[in-house]
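Below is coords-v7.pdb, which holds PDB, C-alpha atoms and all ligand atoms.
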```pdb
MODEL        1
ATOM      1  CA  MET A 112      26.865 -12.743   4.626
ATOM      2  CA  PRO A 113      23.781 -14.409   3.041
ATOM      3  CA  GLY A 114      24.226 -15.993  -0.385
ATOM      4  CA  THR A 115      22.344 -15.562  -3.615
ATOM      5  CA  VAL A 116      18.598 -15.803  -4.142
ATOM      6  CA  PHE A 117      18.007 -17.528  -7.482
ATOM      7  CA  ILE A 118      14.521 -16.890  -8.877
ATOM      8  CA  THR A 119      13.025 -18.701 -11.856
ATOM      9  CA  GLY A 120      10.231 -16.934 -13.740
ATOM     10  CA  ALA A 121      11.360 -13.495 -12.560
ATOM     11  CA  SER A 122      10.064 -11.627 -15.609
ATOM     12  CA  SER A 123       6.519 -11.200 -14.264
ATOM     13  CA  GLY A 124       4.030 -12.030 -11.519
ATOM     14  CA  PHE A 125       5.244 -13.689  -8.321
ATOM     15  CA  GLY A 126       8.829 -13.952  -9.544
ATOM     16  CA  GLU A 127       9.145 -10.275 -10.401
ATOM     17  CA  ALA A 128       7.476  -9.242  -7.140
ATOM     18  CA  SER A 129       9.813 -11.541  -5.204
ATOM     19  CA  ALA A 130      12.815  -9.963  -6.910
ATOM     20  CA  ARG A 131      11.619  -6.558  -5.737
ATOM     21  CA  ARG A 132      10.947  -7.820  -2.199
ATOM     22  CA  PHE A 133      14.353  -9.448  -1.772
ATOM     23  CA  ALA A 134      16.078  -6.447  -3.355
ATOM     24  CA  THR A 135      14.667  -4.186  -0.636
ATOM     25  CA  GLU A 136      16.580  -6.403   1.819
ATOM     26  CA  GLY A 137      19.739  -5.888  -0.220
ATOM     27  CA  ARG A 138      19.933  -9.585  -1.125
ATOM     28  CA  LYS A 139      22.095 -10.770  -4.013
ATOM     29  CA  LEU A 140      19.799 -11.863  -6.819
ATOM     30  CA  VAL A 141      19.916 -13.945  -9.956
ATOM     31  CA  LEU A 142      16.795 -13.337 -12.018
ATOM     32  CA  SER A 143      15.959 -15.894 -14.672
ATOM     33  CA  ALA A 144      13.230 -16.338 -17.291
ATOM     34  CA  ARG A 145      12.978 -16.509 -21.054
ATOM     35  CA  ARG A 146      12.104 -12.844 -21.722
ATOM     36  CA  GLU A 147      15.517 -11.279 -21.365
ATOM     37  CA  ASP A 148      14.423  -7.703 -22.158
ATOM     38  CA  ARG A 149      12.119  -7.664 -19.142
ATOM     39  CA  LEU A 150      14.801  -9.127 -16.903
ATOM     40  CA  GLN A 151      17.307  -6.540 -18.044
ATOM     41  CA  SER A 152      15.073  -3.597 -17.193
ATOM     42  CA  LEU A 153      14.152  -5.134 -13.826
ATOM     43  CA  CYS A 154      17.848  -5.678 -13.170
ATOM     44  CA  GLU A 155      18.651  -2.053 -13.960
ATOM     45  CA  GLU A 156      15.875  -0.874 -11.665
ATOM     46  CA  LEU A 157      16.871  -3.102  -8.739
ATOM     47  CA  SER A 158      20.598  -2.613  -9.008
ATOM     48  CA  ALA A 159      20.247   0.598  -6.961
ATOM     49  CA  ASP A 160      19.395  -1.573  -3.922
ATOM     50  CA  ALA A 161      21.051  -4.904  -4.581
ATOM     51  CA  GLU A 162      23.618  -6.854  -6.564
ATOM     52  CA  VAL A 163      21.516  -8.316  -9.362
ATOM     53  CA  MET A 164      22.182 -10.328 -12.469
ATOM     54  CA  ALA A 165      19.809 -11.475 -15.176
ATOM     55  CA  VAL A 166      20.071 -14.772 -17.004
ATOM     56  CA  SER A 167      17.998 -15.883 -19.922
ATOM     57  CA  LEU A 168      16.895 -19.413 -19.070
ATOM     58  CA  ASP A 169      14.214 -21.779 -20.282
ATOM     59  CA  VAL A 170      13.819 -24.211 -17.387
ATOM     60  CA  ARG A 171      12.698 -26.931 -19.807
ATOM     61  CA  ASP A 172      16.234 -27.063 -21.188
ATOM     62  CA  ARG A 173      18.005 -29.458 -18.849
ATOM     63  CA  GLN A 174      21.511 -28.734 -20.089
ATOM     64  CA  ALA A 175      20.947 -24.969 -19.968
ATOM     65  CA  VAL A 176      19.701 -25.227 -16.378
ATOM     66  CA  PHE A 177      22.852 -27.022 -15.258
ATOM     67  CA  ASP A 178      25.161 -24.799 -17.322
ATOM     68  CA  THR A 179      23.537 -21.683 -15.861
ATOM     69  CA  ILE A 180      23.381 -22.722 -12.224
ATOM     70  CA  CYS A 181      26.779 -24.405 -12.130
ATOM     71  CA  GLY A 182      28.416 -21.649 -14.196
ATOM     72  CA  LEU A 183      27.344 -18.558 -12.278
ATOM     73  CA  PRO A 184      30.134 -16.000 -11.864
ATOM     74  CA  GLU A 185      31.815 -15.824  -8.480
ATOM     75  CA  PRO A 186      29.806 -13.172  -6.659
ATOM     76  CA  PHE A 187      26.559 -14.983  -7.486
ATOM     77  CA  ALA A 188      27.632 -18.638  -7.383
ATOM     78  CA  ASP A 189      26.752 -19.214  -3.742
ATOM     79  CA  ILE A 190      22.997 -19.831  -4.025
ATOM     80  CA  ASP A 191      21.284 -20.189  -0.663
ATOM     81  CA  VAL A 192      17.669 -19.622  -1.695
ATOM     82  CA  LEU A 193      16.163 -21.192  -4.813
ATOM     83  CA  ILE A 194      12.679 -19.967  -5.697
ATOM     84  CA  ASN A 195      11.225 -22.500  -8.113
ATOM     85  CA  ASN A 196       8.511 -20.245  -9.458
ATOM     86  CA  ALA A 197       8.589 -20.590 -13.275
ATOM     87  CA  GLY A 198       5.403 -22.262 -14.371
ATOM     88  CA  LEU A 199       2.202 -21.969 -16.298
ATOM     89  CA  ALA A 200      -1.247 -23.270 -17.033
ATOM     90  CA  LEU A 201      -2.275 -23.626 -20.657
ATOM     91  CA  GLY A 202      -5.959 -23.927 -21.507
ATOM     92  CA  LEU A 203      -8.979 -24.809 -19.424
ATOM     93  CA  GLY A 204     -10.468 -27.449 -21.678
ATOM     94  CA  SER A 205     -11.883 -30.758 -20.578
ATOM     95  CA  ALA A 206      -9.433 -33.679 -20.614
ATOM     96  CA  ASP A 207     -11.125 -35.315 -23.588
ATOM     97  CA  VAL A 208     -10.502 -32.331 -25.841
ATOM     98  CA  ALA A 209      -7.433 -30.705 -24.268
ATOM     99  CA  ASN A 210      -4.379 -30.028 -26.389
ATOM    100  CA  LEU A 211      -1.629 -32.578 -25.746
ATOM    101  CA  ASP A 212       1.070 -30.047 -26.623
ATOM    102  CA  ASP A 213      -0.270 -27.840 -23.832
ATOM    103  CA  TRP A 214      -0.182 -30.762 -21.426
ATOM    104  CA  GLU A 215       3.410 -31.542 -22.368
ATOM    105  CA  ALA A 216       4.452 -27.907 -21.979
ATOM    106  CA  MET A 217       3.003 -27.868 -18.447
ATOM    107  CA  VAL A 218       4.722 -31.121 -17.523
ATOM    108  CA  ASP A 219       8.002 -29.936 -19.030
ATOM    109  CA  THR A 220       7.892 -26.585 -17.235
ATOM    110  CA  ASN A 221       6.098 -27.171 -13.931
ATOM    111  CA  ILE A 222       7.562 -30.604 -13.226
ATOM    112  CA  LYS A 223      10.716 -31.182 -15.237
ATOM    113  CA  GLY A 224      11.942 -27.586 -15.079
ATOM    114  CA  LEU A 225      11.455 -27.535 -11.329
ATOM    115  CA  ILE A 226      13.317 -30.804 -10.740
ATOM    116  CA  TYR A 227      16.187 -29.758 -13.006
ATOM    117  CA  CYS A 228      16.708 -26.520 -11.078
ATOM    118  CA  THR A 229      16.442 -28.295  -7.746
ATOM    119  CA  ARG A 230      18.857 -31.040  -8.719
ATOM    120  CA  ALA A 231      21.333 -28.487 -10.055
ATOM    121  CA  VAL A 232      21.311 -26.432  -6.850
ATOM    122  CA  LEU A 233      21.175 -29.098  -4.148
ATOM    123  CA  PRO A 234      24.798 -30.323  -4.195
ATOM    124  CA  LEU A 235      25.954 -26.792  -3.419
ATOM    125  CA  MET A 236      23.460 -26.428  -0.583
ATOM    126  CA  VAL A 237      24.448 -29.802   0.855
ATOM    127  CA  GLU A 238      28.125 -28.812   0.652
ATOM    128  CA  ASN A 239      27.338 -25.509   2.388
ATOM    129  CA  GLY A 240      25.247 -27.234   5.036
ATOM    130  CA  SER A 241      22.432 -24.723   4.500
ATOM    131  CA  GLY A 242      19.917 -23.487   1.972
ATOM    132  CA  HIS A 243      16.235 -23.093   1.258
ATOM    133  CA  VAL A 244      14.238 -24.405  -1.703
ATOM    134  CA  VAL A 245      10.923 -22.594  -2.089
ATOM    135  CA  ASN A 246       8.586 -24.269  -4.562
ATOM    136  CA  ILE A 247       5.529 -22.556  -5.948
ATOM    137  CA  GLY A 248       2.729 -25.093  -6.019
ATOM    138  CA  SER A 249      -0.946 -24.199  -6.183
ATOM    139  CA  VAL A 250      -4.309 -24.756  -4.568
ATOM    140  CA  ALA A 251      -4.916 -26.718  -7.785
ATOM    141  CA  ALA A 252      -2.812 -29.490  -6.244
ATOM    142  CA  ASN A 253      -5.388 -29.918  -3.497
ATOM    143  CA  TRP A 254      -8.729 -29.114  -5.085
ATOM    144  CA  PRO A 255      -9.864 -30.421  -8.461
ATOM    145  CA  TYR A 256     -11.824 -28.173 -10.792
ATOM    146  CA  PRO A 257     -13.121 -28.600 -14.335
ATOM    147  CA  GLY A 258     -10.279 -27.995 -16.773
ATOM    148  CA  GLY A 259      -7.632 -28.228 -14.074
ATOM    149  CA  ASN A 260      -6.609 -31.715 -15.280
ATOM    150  CA  THR A 261      -2.884 -31.663 -16.084
ATOM    151  CA  TYR A 262      -2.137 -28.285 -14.503
ATOM    152  CA  GLY A 263      -3.445 -29.407 -11.104
ATOM    153  CA  ALA A 264      -1.620 -32.703 -11.446
ATOM    154  CA  THR A 265       1.692 -30.961 -12.095
ATOM    155  CA  LYS A 266       1.190 -28.991  -8.885
ATOM    156  CA  ALA A 267       0.322 -32.200  -7.009
ATOM    157  CA  PHE A 268       3.729 -33.416  -8.161
ATOM    158  CA  VAL A 269       5.312 -30.268  -6.725
ATOM    159  CA  GLN A 270       3.575 -30.918  -3.415
ATOM    160  CA  GLN A 271       4.820 -34.482  -3.040
ATOM    161  CA  PHE A 272       8.257 -33.698  -4.439
ATOM    162  CA  SER A 273       8.586 -30.963  -1.812
ATOM    163  CA  ARG A 274       7.737 -33.405   0.984
ATOM    164  CA  ASN A 275      10.080 -36.035  -0.390
ATOM    165  CA  LEU A 276      12.865 -33.466  -0.569
ATOM    166  CA  ARG A 277      12.352 -32.807   3.147
ATOM    167  CA  SER A 278      12.852 -36.522   3.750
ATOM    168  CA  ASP A 279      15.940 -36.805   1.582
ATOM    169  CA  LEU A 280      17.484 -33.715   3.096
ATOM    170  CA  SER A 281      16.905 -34.747   6.688
ATOM    171  CA  GLY A 282      19.939 -33.845   8.791
ATOM    172  CA  LYS A 283      21.411 -31.617   6.071
ATOM    173  CA  ASN A 284      20.014 -28.331   7.376
ATOM    174  CA  ILE A 285      18.244 -27.430   4.144
ATOM    175  CA  ARG A 286      14.749 -25.997   4.260
ATOM    176  CA  VAL A 287      12.038 -26.856   1.758
ATOM    177  CA  THR A 288       8.738 -25.011   1.493
ATOM    178  CA  ASN A 289       5.835 -25.500  -0.862
ATOM    179  CA  ILE A 290       3.696 -22.386  -1.210
ATOM    180  CA  GLU A 291       0.259 -23.052  -2.677
ATOM    181  CA  PRO A 292      -1.446 -19.856  -3.826
ATOM    182  CA  GLY A 293      -5.024 -19.505  -4.938
ATOM    183  CA  MET A 294      -6.388 -16.940  -7.384
ATOM    184  CA  SER A 295      -3.743 -14.299  -7.990
ATOM    185  CA  GLU A 296      -3.723 -11.489 -10.503
ATOM    186  CA  THR A 297      -0.572 -11.883 -12.568
ATOM    187  CA  GLU A 298      -0.015 -12.774 -16.212
ATOM    188  CA  PHE A 299      -1.100 -16.315 -15.341
ATOM    189  CA  SER A 300      -4.557 -16.073 -16.952
ATOM    190  CA  LEU A 301      -3.234 -14.196 -19.977
ATOM    191  CA  VAL A 302      -0.911 -17.131 -20.581
ATOM    192  CA  ARG A 303      -3.591 -19.715 -19.785
ATOM    193  CA  PHE A 304      -5.935 -18.145 -22.341
ATOM    194  CA  ASN A 305      -3.255 -17.762 -24.970
ATOM    195  CA  GLY A 306      -3.026 -13.962 -24.869
ATOM    196  CA  ASP A 307      -6.807 -13.297 -24.749
ATOM    197  CA  ALA A 308      -6.715 -10.221 -22.503
ATOM    198  CA  ASP A 309     -10.508  -9.899 -22.194
ATOM    199  CA  ARG A 310     -10.945 -13.462 -21.044
ATOM    200  CA  ALA A 311      -8.019 -13.111 -18.632
ATOM    201  CA  LYS A 312      -9.538  -9.937 -17.177
ATOM    202  CA  GLN A 313     -12.852 -11.668 -16.558
ATOM    203  CA  VAL A 314     -11.182 -14.107 -14.172
ATOM    204  CA  TYR A 315     -10.521 -11.283 -11.710
ATOM    205  CA  GLN A 316     -13.534  -9.070 -12.425
ATOM    206  CA  GLY A 317     -15.553  -8.168  -9.326
ATOM    207  CA  THR A 318     -13.108  -9.970  -7.026
ATOM    208  CA  ARG A 319     -10.171  -8.989  -4.884
ATOM    209  CA  PRO A 320      -7.536 -11.525  -5.912
ATOM    210  CA  LEU A 321      -4.107 -11.966  -4.387
ATOM    211  CA  GLN A 322      -1.379  -9.860  -5.989
ATOM    212  CA  GLY A 323       2.184 -10.783  -6.821
ATOM    213  CA  GLU A 324       3.343  -8.691  -3.872
ATOM    214  CA  ASP A 325       1.230 -10.759  -1.461
ATOM    215  CA  ILE A 326       2.938 -13.975  -2.458
ATOM    216  CA  ALA A 327       6.350 -12.284  -2.547
ATOM    217  CA  GLU A 328       5.825 -11.189   1.052
ATOM    218  CA  ILE A 329       5.013 -14.778   2.051
ATOM    219  CA  ILE A 330       8.031 -16.126   0.196
ATOM    220  CA  TYR A 331      10.231 -13.581   1.924
ATOM    221  CA  TRP A 332       8.657 -14.387   5.295
ATOM    222  CA  VAL A 333       9.266 -18.160   5.075
ATOM    223  CA  THR A 334      12.902 -17.577   4.153
ATOM    224  CA  SER A 335      13.500 -15.017   6.889
ATOM    225  CA  LEU A 336      12.234 -17.071   9.817
ATOM    226  CA  PRO A 337      14.816 -18.280  12.338
ATOM    227  CA  ALA A 338      16.976 -20.967  10.737
ATOM    228  CA  HIS A 339      15.523 -23.845  12.801
ATOM    229  CA  ILE A 340      11.970 -23.270  11.468
ATOM    230  CA  ASN A 341      10.738 -24.992   8.311
ATOM    231  CA  ILE A 342       7.340 -24.083   6.899
ATOM    232  CA  ASN A 343       6.554 -27.301   5.003
ATOM    233  CA  ALA A 344       3.539 -26.058   3.095
ATOM    234  CA  LEU A 345       1.445 -22.964   3.047
ATOM    235  CA  GLU A 346      -1.875 -22.763   1.198
ATOM    236  CA  VAL A 347      -3.178 -19.242   0.683
ATOM    237  CA  MET A 348      -6.295 -17.902  -1.002
ATOM    238  CA  PRO A 349      -7.836 -14.470  -1.296
ATOM    239  CA  VAL A 350     -10.785 -14.055   1.088
ATOM    240  CA  CYS A 351     -13.146 -13.937  -1.879
ATOM    241  CA  GLN A 352     -12.207 -17.489  -2.905
ATOM    242  CA  SER A 353     -13.412 -20.683  -1.203
ATOM    243  CA  TRP A 354     -14.919 -24.065  -2.165
ATOM    244  CA  GLY A 355     -18.151 -24.920  -3.910
ATOM    245  CA  PRO A 356     -20.308 -28.001  -3.364
ATOM    246  CA  LEU A 357     -19.376 -31.313  -4.978
ATOM    247  CA  ALA A 358     -20.905 -31.567  -8.428
ATOM    248  CA  VAL A 359     -23.796 -33.994  -8.894
ATOM    249  CA  ASP A 360     -24.906 -34.932 -12.368
ATOM    250  CA  ARG A 361     -28.716 -35.344 -12.322
ATOM    251  CA  GLU A 362     -30.823 -36.972 -15.020
TER
HETATM  252  P1  LIG B   1       3.128 -15.199 -14.659
HETATM  253  O1  LIG B   1       2.659 -15.685 -15.984
HETATM  254  O2  LIG B   1       2.966 -13.765 -14.350
HETATM  255  O3  LIG B   1       4.654 -15.596 -14.430
HETATM  256  C1  LIG B   1       5.163 -16.827 -14.849
HETATM  257  C2  LIG B   1       6.668 -16.734 -14.942
HETATM  258  O4  LIG B   1       7.173 -18.027 -15.326
HETATM  259  C3  LIG B   1       7.129 -15.738 -15.987
HETATM  260  O5  LIG B   1       8.201 -14.997 -15.458
HETATM  261  C4  LIG B   1       7.607 -16.609 -17.145
HETATM  262  O6  LIG B   1       8.687 -15.964 -17.773
HETATM  263  C5  LIG B   1       8.094 -17.850 -16.386
HETATM  264  N1  LIG B   1       8.170 -19.025 -17.222
HETATM  265  C6  LIG B   1       7.169 -19.666 -17.855
HETATM  266  N2  LIG B   1       7.659 -20.685 -18.573
HETATM  267  C7  LIG B   1       9.004 -20.686 -18.391
HETATM  268  C8  LIG B   1      10.066 -21.478 -18.882
HETATM  269  N3  LIG B   1       9.858 -22.506 -19.712
HETATM  270  N4  LIG B   1      11.327 -21.187 -18.481
HETATM  271  C9  LIG B   1      11.562 -20.163 -17.649
HETATM  272  N5  LIG B   1      10.601 -19.363 -17.153
HETATM  273  C10 LIG B   1       9.338 -19.629 -17.541
HETATM  274  O7  LIG B   1       2.348 -16.093 -13.590
HETATM  275  P2  LIG B   1       2.499 -16.233 -12.004
HETATM  276  O8  LIG B   1       3.456 -15.273 -11.438
HETATM  277  O9  LIG B   1       1.135 -16.278 -11.469
HETATM  278  O10 LIG B   1       3.081 -17.712 -11.927
HETATM  279  C11 LIG B   1       4.208 -18.061 -11.160
HETATM  280  C12 LIG B   1       3.968 -19.440 -10.589
HETATM  281  O11 LIG B   1       2.866 -19.386  -9.706
HETATM  282  C13 LIG B   1       3.651 -20.522 -11.594
HETATM  283  O12 LIG B   1       4.334 -21.699 -11.240
HETATM  284  C14 LIG B   1       2.136 -20.708 -11.453
HETATM  285  O13 LIG B   1       1.737 -21.992 -11.816
HETATM  286  C15 LIG B   1       1.988 -20.448  -9.972
HETATM  287  N6  LIG B   1       0.670 -20.085  -9.490
HETATM  288  C16 LIG B   1      -0.013 -19.015  -9.989
HETATM  289  C17 LIG B   1      -1.250 -18.691  -9.463
HETATM  290  C18 LIG B   1      -2.074 -17.586 -10.001
HETATM  291  O14 LIG B   1      -3.304 -17.596  -9.794
HETATM  292  N7  LIG B   1      -1.489 -16.590 -10.636
HETATM  293  C19 LIG B   1      -1.817 -19.430  -8.341
HETATM  294  C20 LIG B   1      -1.024 -20.551  -7.917
HETATM  295  C21 LIG B   1       0.164 -20.829  -8.458
HETATM  296  P3  LIG B   1       9.011 -16.024 -19.339
HETATM  297  O15 LIG B   1       7.719 -16.137 -20.078
HETATM  298  O16 LIG B   1       9.725 -14.717 -19.582
HETATM  299  O17 LIG B   1       9.911 -17.193 -19.508
HETATM  300  C1  LIG B   2      -3.420 -21.183 -10.160
HETATM  301  C2  LIG B   2      -4.677 -21.173  -9.369
HETATM  302  O1  LIG B   2      -7.045 -22.059  -9.286
HETATM  303  O2  LIG B   2      -6.295 -21.079 -11.383
HETATM  304  O3  LIG B   2      -2.569 -22.181  -9.749
HETATM  305  O4  LIG B   2      -5.512 -23.239 -10.694
HETATM  306  S1  LIG B   2      -5.927 -21.940 -10.228
ENDMDL
END
```

Go ahead and render the structure in this file as structure tokens.
Amino acid sequence: MPGTVFITGASSGFGEASARRFATEGRKLVLSARREDRLQSLCEELSADAEVMAVSLDVRDRQAVFDTICGLPEPFADIDVLINNAGLALGLGSADVANLDDWEAMVDTNIKGLIYCTRAVLPLMVENGSGHVVNIGSVAANWPYPGGNTYGATKAFVQQFSRNLRSDLSGKNIRVTNIEPGMSETEFSLVRFNGDADRAKQVYQGTRPLQGEDIAEIIYWVTSLPAHININALEVMPVCQSWGPLAVDRE
């Protein structure tokens, strides 16, 4: 009987879509995020197909992460898939004018939140002799772009942390995957542009971006492969996205 799938950032975007995808497989789910109202309604909807529980959790709160993960009630305590998805980009300003509070929020969420959740879950997985940590990185870890500064760097952390986890967990039968999506239509841009819906919409205008469901399908796929297969990293873009030339500043 497979254990629980614990999803951070399940109140929208990739996390919400992943909750739906795993629910169709009848997997036990713990859905976490800060917006409890959204989690509750998702929970009610999915409970027809799966055992689901919602927990209000800010991954930046180290103590709350440990209290939540280590204090899950019996039917949900046995986490075998952790989807470290909670994250955000704030702003697109150049490094010389960017808001330091935004930078700290990205570091606290995308880096510290992710390592707290991982550290809280790993002892259980090691004890069980199985488990899968799926981290949500980004193409921004691999390809610099103007205004990507701290956001891209947090995702570069996720990339190397994922590889280092593979090293540390060698021989322990625990899988680690870093999924690196490109442009995807979620609430990501709304958050990045501080609730400016018009600006967020422009990001996707005239394109065919990835959708939450696309990434959820990939997350489900990596976790459902035969147990001896580990997808280390998977970078995925919509067809409409690729690379531009290197910038040259001319006089
Ligand atoms: P959304 O904004 O739709 O979802 C982000 C989720 O993260 C929300 O559920 C939000 O929930 C949660 N979250 C944010 N901060 C915290 C926090 N402090 N504690 C707990 N949960 C938090 O965006 P996406 O679905 O696109 O983003 C999911 C992940 O994918 C992020 O890590 C993002 O960096 C990454 N990504 C996104 C891409 C894109 O183009 N969309 C591309 C590549 C990577 P709540 O606000 O309720 O807490
Ligand atoms: C989100 C993708 O290109 O906006 O991680 O940074 S991008």

Residues within 10 Å of Val302 (chain A), all atoms listed in the file, excluding chain neighbours under 5 positions, as a PyMOL selection string: chain A and resi 199-202+297+307-308+311

The PyMOL selection byres (((chain A and resi 312-315) around 9) and not hetatm) applied to the shown file, residues as a count of residues only: 15

Show me, as CSV, the residues of chain A having an atom within 9 Å of ligand LIG 2 (chain B), each with the closest atom pair and its distance in Å, using all atoms listed in the file.
```
residue,atom,partner,partner_atom,distance
A:Leu199,CA,B:LIG2,O3,8.1
A:Ala200,CA,B:LIG2,O3,7.5
A:Ile247,CA,B:LIG2,O3,9.0
A:Gly248,CA,B:LIG2,O3,7.1
A:Ser249,CA,B:LIG2,O3,4.4
A:Val250,CA,B:LIG2,C2,6.0
A:Ala251,CA,B:LIG2,O4,4.6
A:Ala252,CA,B:LIG2,O3,8.1
A:Trp254,CA,B:LIG2,O1,8.4
A:Pro255,CA,B:LIG2,O4,8.7
A:Tyr256,CA,B:LIG2,O1,7.9
A:Gly259,CA,B:LIG2,O4,6.4
A:Tyr262,CA,B:LIG2,O4,7.2
A:Gly263,CA,B:LIG2,O4,6.5
A:Lys266,CA,B:LIG2,O3,7.8
A:Glu291,CA,B:LIG2,O3,7.7
A:Pro292,CA,B:LIG2,O3,6.5
A:Gly293,CA,B:LIG2,C2,4.7
A:Met294,CA,B:LIG2,C2,5.0
A:Ser295,CA,B:LIG2,C2,7.1
A:Phe299,CA,B:LIG2,C1,7.5
A:Ser300,CA,B:LIG2,O2,7.7
A:Arg303,CA,B:LIG2,O2,8.9
A:Val314,CA,B:LIG2,O2,9.0
```

Expansion of the PyMOL selection byres (((chain A and resi 131) around 10) and not hetatm) into residues, as a list in words: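 Checked against the file, the PyMOL selection byres (((chain A and resi 131) around 10) and not hetatm) matches Ala121, Phe125, Gly126, Glu127, Ala128, Ser129, Ala130, Arg132, Phe133, Ala134, Thr135, Glu136, Gly137, Arg138, Leu140, Leu153, Cys154, Glu156, Leu157, Asp160, Ala161, Glu324 and Ala327 of chain A.
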
Please identify all polymer residues within 8 Å of Leu276 (chain A), counting all atoms listed in the file, omitting same-chain residues fewer than 4 positions from it, and present them as a JSON list (two decimals) with C-alpha atoms, keeping the file's coordinate frame.
```json
[["chain", "number", "residue", "atom", "x", "y", "z"],
["A", 272, "PHE", "CA", 8.26, -33.70, -4.44],
["A", 280, "LEU", "CA", 17.48, -33.72, 3.10],
["A", 287, "VAL", "CA", 12.04, -26.86, 1.76]]
```

Separation of CA of Gln352 (chain A) from CA of Thr288 (chain A), in Å and rounded to one decimal: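 Interatomic distance here is 22.7 Å.
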
Gap from CA of Ile285 (chain A) to atom O15 of ligand LIG 1 (chain B) - Å, one decimal: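 According to the coordinates, CA of Ile285 (chain A) and atom O15 of ligand LIG 1 (chain B) are separated by 28.7 Å.
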
Gap from CA of Ala231 (chain A) to CA of Phe177 (chain A) - Å, one decimal: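 Separation between CA of Ala231 (chain A) and CA of Phe177 (chain A): 5.6 Å.
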
Reference answer for the PyMOL selection byres (((chain A and resi 357) around 12) and not hetatm), as a list in words: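 Selected by the PyMOL selection byres (((chain A and resi 357) around 12) and not hetatm) in this file: Trp254, Pro255, Tyr256, Pro257, Trp354, Gly355, Pro356, Ala358, Val359 and Asp360 of chain A.
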
All residues 8 Å or closer to Val245 (chain A), all atoms listed in the file, same chain fewer than 2 positions away omitted, as a ChimeraX atom specification: /A:192-195,243,247,287-290,330

Nearest to Leu233 (chain A), chosen from A:Asp207, A:Asp219, A:Glu362, A:Asp191, with all atoms listed in the file counted in the distances: A:Asp191

I'd like the contact shell of Gln151 (chain A) - 12 Å cut-off, all atoms listed in the file, skipping same-chain residues fewer than 3 positions apart - returned as a JSON list (two decimals) with C-alpha atoms, in the coordinates of the input.
```
[["chain", "number", "residue", "atom", "x", "y", "z"],
["A", 121, "ALA", "CA", 11.36, -13.50, -12.56],
["A", 122, "SER", "CA", 10.06, -11.63, -15.61],
["A", 127, "GLU", "CA", 9.14, -10.28, -10.40],
["A", 141, "VAL", "CA", 19.92, -13.94, -9.96],
["A", 142, "LEU", "CA", 16.80, -13.34, -12.02],
["A", 143, "SER", "CA", 15.96, -15.89, -14.67],
["A", 144, "ALA", "CA", 13.23, -16.34, -17.29],
["A", 145, "ARG", "CA", 12.98, -16.51, -21.05],
["A", 146, "ARG", "CA", 12.10, -12.84, -21.72],
["A", 147, "GLU", "CA", 15.52, -11.28, -21.36],
["A", 148, "ASP", "CA", 14.42, -7.70, -22.16],
["A", 154, "CYS", "CA", 17.85, -5.68, -13.17],
["A", 155, "GLU", "CA", 18.65, -2.05, -13.96],
["A", 156, "GLU", "CA", 15.88, -0.87, -11.66],
["A", 157, "LEU", "CA", 16.87, -3.10, -8.74],
["A", 158, "SER", "CA", 20.60, -2.61, -9.01],
["A", 163, "VAL", "CA", 21.52, -8.32, -9.36],
["A", 164, "MET", "CA", 22.18, -10.33, -12.47],
["A", 165, "ALA", "CA", 19.81, -11.48, -15.18],
["A", 166, "VAL", "CA", 20.07, -14.77, -17.00],
["A", 167, "SER", "CA", 18.00, -15.88, -19.92]]
```

Option closest in space to ligand LIG 1 (chain B), from A:Gln322, A:Asn260, A:Thr179, A:Asn275 [counting only C-alpha atoms and all ligand atoms]: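 Closest candidate: A:Gln322.
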
Best match for closeness to ligand LIG 1 (chain B) among A:Asn284, A:Phe187, A:Val116, A:Asn246, counting all atoms listed in the file: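 Answer, going by the shortest atom-to-atom distance: A:Asn246.
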
Test item: residues at most 7 Å from Ile222 (chain A), only C-alpha atoms, excluding those fewer than 4 positions along its chain, as a PyMOL selection string: chain A and resi 218+226+265+268-269

Nearest residue to ligand LIG 1 (chain B) from the set A:Ala338, A:Leu345, A:Val208, A:Met236 (distances using all atoms listed in the file): A:Leu345
